[in-house]
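What follows is a short report on a single structure.
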Amino acid sequence: MHPPHPAPQAKGFTTGFRPRKWSVFARMPFRRPRFVFWNGGVSVISNVVHELNEEIRDREIRLIGANGEQLGIMASLEALRIADEQGLDLVKISPQAVPPVCKLMNYGKFRFEQGKREKEAKKNQHVVEIKEIRMSPGIDVGDFNTKLRNAQKFIADGDRVKVTVRFRGREMAHTDIGRDLLNRFAEQCAETAALDKPAKLEGRNMSLFLSPKAGK
(Lines give C-alpha, C1' and ligand atoms only; values in the text may rest on other atoms or scores of the structure.)
Protein backbone atom coordinates (compact mmCIF):
# COMPACT_ATOMS: atom_id res chain seq x y z
CA MET A 1 0.00 0.00 0.00
CA HIS A 2 1.46 3.29 -1.09
CA PRO A 3 1.73 6.18 1.38
CA PRO A 4 -0.67 9.09 0.77
CA HIS A 5 0.55 11.69 -1.66
CA PRO A 6 1.32 15.11 -0.18
CA ALA A 7 -1.20 17.83 -0.97
CA PRO A 8 -0.26 19.87 -4.04
CA GLN A 9 1.34 23.23 -3.27
CA ALA A 10 0.95 26.47 -5.15
CA LYS A 11 3.97 27.36 -7.22
CA GLY A 12 6.38 29.64 -5.46
CA PHE A 13 5.27 28.71 -1.91
CA THR A 14 7.08 26.45 0.54
CA THR A 15 5.93 24.77 3.70
CA GLY A 16 7.30 25.57 7.08
CA PHE A 17 7.69 28.88 8.92
CA ARG A 18 6.22 31.90 7.19
CA PRO A 19 7.72 35.22 8.28
CA ARG A 20 5.19 37.60 9.78
CA LYS A 21 4.77 40.96 8.17
CA TRP A 22 4.95 43.88 10.58
CA SER A 23 3.45 47.26 9.90
CA VAL A 24 5.43 50.26 11.06
CA PHE A 25 3.46 53.20 12.39
CA ALA A 26 4.97 56.61 13.07
CA ARG A 27 3.74 57.92 16.40
CA MET A 28 2.76 61.54 16.02
CA PRO A 29 3.20 63.82 19.02
CA PHE A 30 -0.11 64.48 20.74
CA ARG A 31 -0.82 67.97 21.96
CA ARG A 32 -3.79 68.52 24.17
CA PRO A 33 -6.02 71.37 23.02
CA ARG A 34 -5.95 74.45 25.20
CA PHE A 35 -9.37 75.46 26.47
CA VAL A 36 -10.03 79.13 27.04
CA PHE A 37 -12.82 80.20 29.38
CA TRP A 38 -14.07 83.64 28.45
CA ASN A 39 -17.31 85.41 29.34
CA GLY A 40 -18.82 82.23 30.69
CA GLY A 41 -18.10 80.18 27.53
CA VAL A 42 -15.43 77.78 26.45
CA SER A 43 -13.59 77.55 23.15
CA VAL A 44 -10.69 75.52 21.83
CA ILE A 45 -7.59 77.14 20.46
CA SER A 46 -6.88 74.64 17.70
CA ASN A 47 -3.85 76.21 16.03
CA VAL A 48 -1.30 77.18 18.65
CA VAL A 49 1.32 79.30 16.91
CA HIS A 50 3.31 80.33 20.00
CA GLU A 51 5.22 78.28 22.54
CA LEU A 52 3.59 78.73 25.94
CA ASN A 53 4.58 78.21 29.56
CA GLU A 54 6.12 74.72 30.06
CA GLU A 55 6.58 74.31 26.31
CA ILE A 56 9.40 76.89 26.47
CA ARG A 57 12.61 74.87 26.87
CA ASP A 58 15.21 77.64 26.54
CA ARG A 59 17.55 78.04 29.49
CA GLU A 60 17.42 81.85 29.38
CA ILE A 61 14.91 84.28 27.89
CA ARG A 62 14.39 88.04 27.71
CA LEU A 63 11.14 88.87 29.51
CA ILE A 64 8.67 91.65 28.70
CA GLY A 65 5.95 92.47 31.20
CA ALA A 66 2.24 92.58 30.49
CA ASN A 67 2.38 96.37 30.03
CA GLY A 68 5.43 96.29 27.76
CA GLU A 69 8.04 96.96 30.44
CA GLN A 70 11.46 95.32 30.03
CA LEU A 71 12.12 92.87 32.88
CA GLY A 72 15.53 91.75 31.64
CA ILE A 73 17.22 88.43 30.88
CA MET A 74 16.48 85.57 33.26
CA ALA A 75 16.08 81.82 33.47
CA SER A 76 12.92 80.54 31.83
CA LEU A 77 11.95 78.83 35.11
CA GLU A 78 12.12 82.18 36.90
CA ALA A 79 10.00 83.80 34.16
CA LEU A 80 7.46 81.00 34.49
CA ARG A 81 7.33 81.56 38.26
CA ILE A 82 6.60 85.27 37.69
CA ALA A 83 3.86 84.37 35.19
CA ASP A 84 2.26 82.01 37.72
CA GLU A 85 2.36 84.68 40.43
CA GLN A 86 0.59 87.17 38.17
CA GLY A 87 -1.89 84.63 36.83
CA LEU A 88 -0.64 85.14 33.28
CA ASP A 89 0.85 83.03 30.49
CA LEU A 90 4.48 83.08 29.44
CA VAL A 91 4.43 83.41 25.62
CA LYS A 92 7.44 83.23 23.32
CA ILE A 93 6.93 86.07 20.83
CA SER A 94 10.37 86.21 19.18
CA PRO A 95 11.95 82.74 19.00
CA GLN A 96 14.77 83.82 16.65
CA ALA A 97 16.20 86.41 19.03
CA VAL A 98 19.20 85.62 21.24
CA PRO A 99 18.04 84.99 23.86
CA PRO A 100 14.42 84.40 22.78
CA VAL A 101 11.93 87.08 23.78
CA CYS A 102 8.90 86.12 25.88
CA LYS A 103 6.01 88.21 27.12
CA LEU A 104 3.58 87.94 30.01
CA MET A 105 -0.02 88.01 28.80
CA ASN A 106 -3.45 86.48 29.10
CA TYR A 107 -3.08 84.28 26.03
CA GLY A 108 -6.73 83.23 25.93
CA LYS A 109 -7.85 86.87 25.90
CA PHE A 110 -5.20 87.66 23.28
CA ARG A 111 -6.45 84.94 20.91
CA PHE A 112 -10.08 85.88 21.53
CA GLU A 113 -9.47 89.53 20.63
CA GLN A 114 -7.28 88.52 17.69
CA GLY A 115 -10.13 86.40 16.32
CA LYS A 116 -12.55 89.31 16.71
CA ARG A 117 -10.20 91.61 14.78
CA GLU A 118 -9.80 89.07 11.96
CA LYS A 119 -13.58 88.62 11.67
CA GLU A 120 -14.10 92.38 11.61
CA ALA A 121 -11.43 92.80 8.92
CA LYS A 122 -13.07 90.12 6.76
CA LYS A 123 -16.46 91.76 7.25
CA ASN A 124 -15.14 95.12 6.04
CA GLN A 125 -13.13 93.64 3.19
CA HIS A 126 -14.72 93.69 -0.25
CA VAL A 127 -13.46 91.13 -2.74
CA VAL A 128 -13.72 92.48 -6.27
CA GLU A 129 -15.27 89.94 -8.59
CA ILE A 130 -15.55 89.90 -12.37
CA LYS A 131 -19.13 89.43 -13.47
CA GLU A 132 -19.85 88.49 -17.08
CA ILE A 133 -22.73 89.69 -19.25
CA ARG A 134 -23.26 87.69 -22.46
CA MET A 135 -25.17 88.84 -25.50
CA SER A 136 -25.73 87.86 -29.11
CA PRO A 137 -25.40 90.32 -32.01
CA GLY A 138 -29.15 90.10 -32.64
CA ILE A 139 -30.28 90.77 -29.05
CA ASP A 140 -33.60 92.61 -28.79
CA VAL A 141 -34.14 95.87 -26.93
CA GLY A 142 -35.84 94.28 -23.92
CA ASP A 143 -33.04 91.77 -23.27
CA PHE A 144 -30.42 94.46 -23.86
CA ASN A 145 -31.98 96.71 -21.20
CA THR A 146 -32.26 93.80 -18.74
CA LYS A 147 -28.58 92.94 -19.13
CA LEU A 148 -27.72 96.63 -18.88
CA ARG A 149 -29.53 96.90 -15.51
CA ASN A 150 -27.72 93.78 -14.26
CA ALA A 151 -24.36 95.24 -15.24
CA GLN A 152 -25.16 98.55 -13.53
CA LYS A 153 -26.09 96.67 -10.36
CA PHE A 154 -22.79 94.74 -10.42
CA ILE A 155 -20.87 97.99 -10.88
CA ALA A 156 -22.78 99.64 -8.02
CA ASP A 157 -21.71 96.70 -5.81
CA GLY A 158 -18.06 97.42 -6.64
CA ASP A 159 -17.48 94.56 -9.09
CA ARG A 160 -15.88 94.62 -12.52
CA VAL A 161 -17.99 93.58 -15.51
CA LYS A 162 -16.94 91.70 -18.61
CA VAL A 163 -19.38 92.23 -21.46
CA THR A 164 -19.18 89.60 -24.20
CA VAL A 165 -20.83 89.18 -27.60
CA ARG A 166 -20.78 85.64 -28.98
CA PHE A 167 -20.78 85.19 -32.77
CA ARG A 168 -22.20 82.08 -34.39
CA GLY A 169 -21.80 80.84 -37.95
CA ARG A 170 -22.13 83.60 -40.51
CA GLU A 171 -22.30 86.25 -37.79
CA MET A 172 -18.48 86.21 -37.87
CA ALA A 173 -18.73 88.17 -41.12
CA HIS A 174 -20.39 91.07 -39.26
CA THR A 175 -18.27 91.57 -36.14
CA ASP A 176 -18.74 95.33 -36.54
CA ILE A 177 -22.34 94.84 -35.30
CA GLY A 178 -21.01 93.28 -32.10
CA ARG A 179 -18.47 96.07 -31.63
CA ASP A 180 -21.16 98.74 -31.99
CA LEU A 181 -23.33 96.83 -29.51
CA LEU A 182 -20.54 96.69 -26.93
CA ASN A 183 -19.67 100.38 -27.37
CA ARG A 184 -23.33 101.31 -26.89
CA PHE A 185 -23.44 99.16 -23.75
CA ALA A 186 -20.34 100.93 -22.37
CA GLU A 187 -21.83 104.36 -23.13
CA GLN A 188 -24.97 103.46 -21.15
CA CYS A 189 -22.75 102.64 -18.13
CA ALA A 190 -20.41 105.62 -18.54
CA GLU A 191 -21.86 107.53 -15.58
CA THR A 192 -20.72 104.95 -13.02
CA ALA A 193 -18.20 102.80 -14.91
CA ALA A 194 -14.93 103.37 -16.73
CA LEU A 195 -13.88 101.40 -19.80
CA ASP A 196 -10.89 99.30 -18.75
CA LYS A 197 -10.28 97.49 -22.02
CA PRO A 198 -11.86 98.34 -25.35
CA ALA A 199 -13.71 95.70 -27.35
CA LYS A 200 -11.39 92.93 -28.51
CA LEU A 201 -12.15 89.90 -30.67
CA GLU A 202 -10.84 86.55 -29.43
CA GLY A 203 -12.02 83.58 -31.46
CA ARG A 204 -15.80 83.87 -31.69
CA ASN A 205 -16.09 86.16 -28.66
CA MET A 206 -15.70 89.93 -28.54
CA SER A 207 -15.40 91.43 -25.05
CA LEU A 208 -14.74 94.63 -23.15
CA PHE A 209 -14.22 95.32 -19.42
CA LEU A 210 -15.92 97.92 -17.24
CA SER A 211 -14.78 98.97 -13.75
CA PRO A 212 -16.53 101.12 -11.14
CA LYS A 213 -15.44 104.74 -11.14
CA ALA A 214 -13.68 105.94 -8.00
CA GLY A 215 -16.09 107.57 -5.57
CA LYS A 216 -19.18 106.22 -7.31
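Residues are named by chain letter and number: chains run A, B, ... in the order of the C-alpha coordinates, numbers start at 1 in each chain, and ligands are numbered from 1 in the order shown.
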
### Task
List the neighbours of His174 (chain A) out to 12 Å using only C-alpha atoms; skip same-chain residues closer than 6 positions along the sequence, and give me the result as a VMD selection string.
chain A and resid 136 to 138 165 to 168 180 to 181 201 204 206

### Query
Which polymer residues have any atom within 8 Å of an atom of Pro100 (chain A), counting only C-alpha atoms, with same-chain residues fewer than 4 positions away left out, as a list in words?
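Once the nearby chain positions are removed, what remains is Asp58, Glu60, Ile61, Arg62, Lys92, Ile93, Ser94, Pro95 and Gln96 of chain A.
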
### Task
Quick one: pull the distance between CA of Val163 (chain A) and CA of Glu132 (chain A), Å, one decimal.
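Between CA of Val163 (chain A) and CA of Glu132 (chain A) the gap is 5.8 Å.
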
### Task
Have a look at A:Ala173, A:Ala75, A:Val101, A:Leu210 and name the one nearest to Asp159 (chain A); count only C-alpha atoms.
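Comparing A:Ala173, A:Ala75, A:Val101, A:Leu210 against Asp159 (chain A), the winner is A:Leu210.
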
### Message
Given only C-alpha atoms as the basis, pick out the residue of A:Gln86, A:Asn145, A:Gln152, A:Asn183 nearest to Lys197 (chain A).
### Response
A:Asn183

### Task
Run DSSP on the backbone and give me the residues of region 80-214 of chain A it puts in alpha helix (DSSP H), as JSON, numbers by chain.
{"A": [80, 81, 82, 83, 84, 85, 86, 107, 108, 109, 110, 111, 112, 113, 114, 115, 116, 117, 118, 119, 120, 121, 122, 123, 124, 141, 142, 143, 144, 145, 146, 147, 148, 149, 150, 151, 152, 153, 154, 155, 156, 175, 176, 177, 178, 179, 180, 181, 182, 183, 184, 185, 186, 187, 188]}

#### Entry: Shell of 7 Å around Leu52 (chain A), only C-alpha atoms, local chain residues under 5 positions omitted, as an MDAnalysis selection string
chainID A and resid 89:92

Output N, CA and C atoms of each residue in that selection to a file, as an mmCIF file, in the first residue's frame.
```cif
data_model
loop_
_atom_site.group_PDB
_atom_site.id
_atom_site.type_symbol
_atom_site.label_atom_id
_atom_site.label_comp_id
_atom_site.auth_asym_id
_atom_site.auth_seq_id
_atom_site.Cartn_x
_atom_site.Cartn_y
_atom_site.Cartn_z
ATOM 1 N N ASP A 89 0.114 84.020 31.264
ATOM 2 C CA ASP A 89 0.852 83.032 30.489
ATOM 3 C C ASP A 89 2.206 83.601 30.091
ATOM 4 N N LEU A 90 3.176 82.728 29.980
ATOM 5 C CA LEU A 90 4.484 83.079 29.436
ATOM 6 C C LEU A 90 4.477 82.682 27.974
ATOM 7 N N VAL A 91 4.589 83.652 27.057
ATOM 8 C CA VAL A 91 4.430 83.410 25.623
ATOM 9 C C VAL A 91 5.704 83.827 24.903
ATOM 10 N N LYS A 92 6.245 82.909 24.108
ATOM 11 C CA LYS A 92 7.435 83.228 23.318
ATOM 12 C C LYS A 92 6.991 83.966 22.062
#
```

### Task
Name the residues in contact with Gly87 (chain A) at a cut-off of 10 Å, using only C-alpha atoms, excluding same-chain residues fewer than 6 positions from it; report them as a PyMOL selection string.
chain A and resi 81+104-106

### Query
Between A:Phe154, A:Ile56, A:Val49, A:Cys102, which one has atoms that come closest to Gly68 (chain A), using only C-alpha atoms?
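For Gly68 (chain A), the nearest of the given residues is A:Cys102.
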
### Among listed residues A:Gly178, A:Gly65, A:Gly72, A:Gly203, nearest Met135 (chain A) (using only C-alpha atoms)
A:Gly178

### Query
What does the distance between CA of Asp157 (chain A) and CA of Asn205 (chain A) come to in Å, to one decimal place?
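These atoms are spaced 25.8 Å apart.
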
#### Entry: Spatial neighbours of Leu77 (chain A), 9 Å, only C-alpha atoms, chain gap at least 3 places, as a list in words
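Everything that qualifies: Glu54, Arg59, Glu60, Met74, Leu80, Arg81 and Ile82 of chain A.
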
### Residue nearest Thr175 (chain A) among A:Arg111, A:Lys122, A:Arg134, A:Lys200 (counting only C-alpha atoms)
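Of all the options, A:Lys200 lies closest to Thr175 (chain A).
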